[in-house]
Amino acid sequence: MAFNAVSRTPVLRSLMLSSGKFASRSMPTAAILQQRMSIQTARPLLFKATAPKALFGDNVPNPATVPQPAPNRMKGSYHWMNERALTVISAPLLVTAFAYGAHPINDMLMGIVIPMHAYMGFGQVLLDYFEARRWPVISRVLKYALVAITGLSMFGCWRINTTDVGLTNYFARIWNANKNKQTASE
């Protein structure tokens, strides 16, 4: 019964009737049919490769004549060096904040370095997953959104540093909020 439902599909019907073996025999078993289907309806039949002439007409591009950029082995390493530099800068800032406590210069530097570190990290994520060649509009929108969010976070850090307690005390208050809540209720 299941075979009758499967044999109604055009691909399987053509498989059964195309061969002389199938025409002379009664209905083949499901295993034989599955084997024939996997052999005869493989990728070349589903995704036919078109010749370049059919795609481009007489103007088939020659790979040798396409201009190539000059090789530069340092091109991809600048972002890596900048990310490592920000990481190296942020480590002593965080250690200083833990050891020394709040200081306006340390808070201002953290308000610049931490958003820039996040900006570079998320920028690489966008480069990896939203390539400009494949997603031109989405890539540009996400890059502008990343710049806007980074600018807003830097502005927020500046506001916390200039009009509030500073980043170090701000994060200390958040860290100890549950402890202060429990001691106030007792």
# chains A, B, ... in the order shown; residues from 1 in each chain; ligands from 1
>>> residues_around(residues="range 121-134 of chain A", least_positions_apart="3", cutoff="9 Å", atoms="only C-alpha atoms", output="PyMOL selection string")
chain A and resi 79+83+116-118+137-140+142-143+146
>>> residues_around(residues="Val113 in chain A", least_positions_apart="2", cutoff="9 Å", atoms="only C-alpha atoms", output="short mmCIF file (atom, residue, chain, number, x, y, z; two decimals) with N, CA, C and O atoms, in the first residue's frame")
data_model
loop_
_atom_site.label_atom_id
_atom_site.label_comp_id
_atom_site.auth_asym_id
_atom_site.auth_seq_id
_atom_site.Cartn_x
_atom_site.Cartn_y
_atom_site.Cartn_z
N LEU A 86 44.44 46.02 22.20
CA LEU A 86 43.37 46.40 23.13
C LEU A 86 43.24 45.41 24.27
O LEU A 86 42.95 45.79 25.41
N THR A 87 43.46 44.13 23.99
CA THR A 87 43.41 43.13 25.04
C THR A 87 44.53 43.35 26.04
O THR A 87 44.32 43.27 27.25
N ILE A 89 46.02 46.17 26.64
CA ILE A 89 45.75 47.40 27.38
C ILE A 89 44.66 47.18 28.43
O ILE A 89 44.75 47.72 29.54
N SER A 90 43.64 46.39 28.10
CA SER A 90 42.53 46.23 29.03
C SER A 90 42.90 45.37 30.25
O SER A 90 42.30 45.56 31.32
N MET A 108 38.05 56.45 32.83
CA MET A 108 37.95 56.99 31.47
C MET A 108 38.59 56.06 30.45
O MET A 108 38.03 55.83 29.38
N LEU A 109 39.75 55.52 30.79
CA LEU A 109 40.40 54.59 29.86
C LEU A 109 39.56 53.33 29.66
O LEU A 109 39.45 52.81 28.54
N MET A 110 38.96 52.84 30.73
CA MET A 110 38.09 51.66 30.59
C MET A 110 36.86 52.00 29.76
O MET A 110 36.36 51.16 29.00
N GLY A 111 36.35 53.23 29.86
CA GLY A 111 35.21 53.65 29.08
C GLY A 111 35.51 53.76 27.59
O GLY A 111 34.59 53.80 26.78
N PRO A 115 34.52 49.41 25.19
CA PRO A 115 33.65 49.46 24.00
C PRO A 115 34.40 49.24 22.69
O PRO A 115 33.87 48.61 21.77
N MET A 116 35.64 49.73 22.59
CA MET A 116 36.41 49.50 21.36
C MET A 116 36.75 48.02 21.19
O MET A 116 36.76 47.49 20.08
N HIS A 117 37.05 47.35 22.29
CA HIS A 117 37.33 45.91 22.25
C HIS A 117 36.09 45.16 21.78
O HIS A 117 36.18 44.26 20.92
N ALA A 118 34.92 45.52 22.30
CA ALA A 118 33.68 44.88 21.87
C ALA A 118 33.38 45.21 20.41
O ALA A 118 32.93 44.36 19.64
#
>>> residues_around(residues="Trp158 in chain A", least_positions_apart="3", cutoff="12 Å", atoms="only C-alpha atoms", output="PyMOL selection string")
chain A and resi 104-105+107-112+115+151-155+161-167
>>> atom_distance(atom1="CA of Tyr100 in chain A", atom2="CA of Asn178 in chain A")
23.2 Å
>>> atom_distance(atom1="CA of Thr168 in chain A", atom2="CA of Ile114 in chain A")
12.5 Å
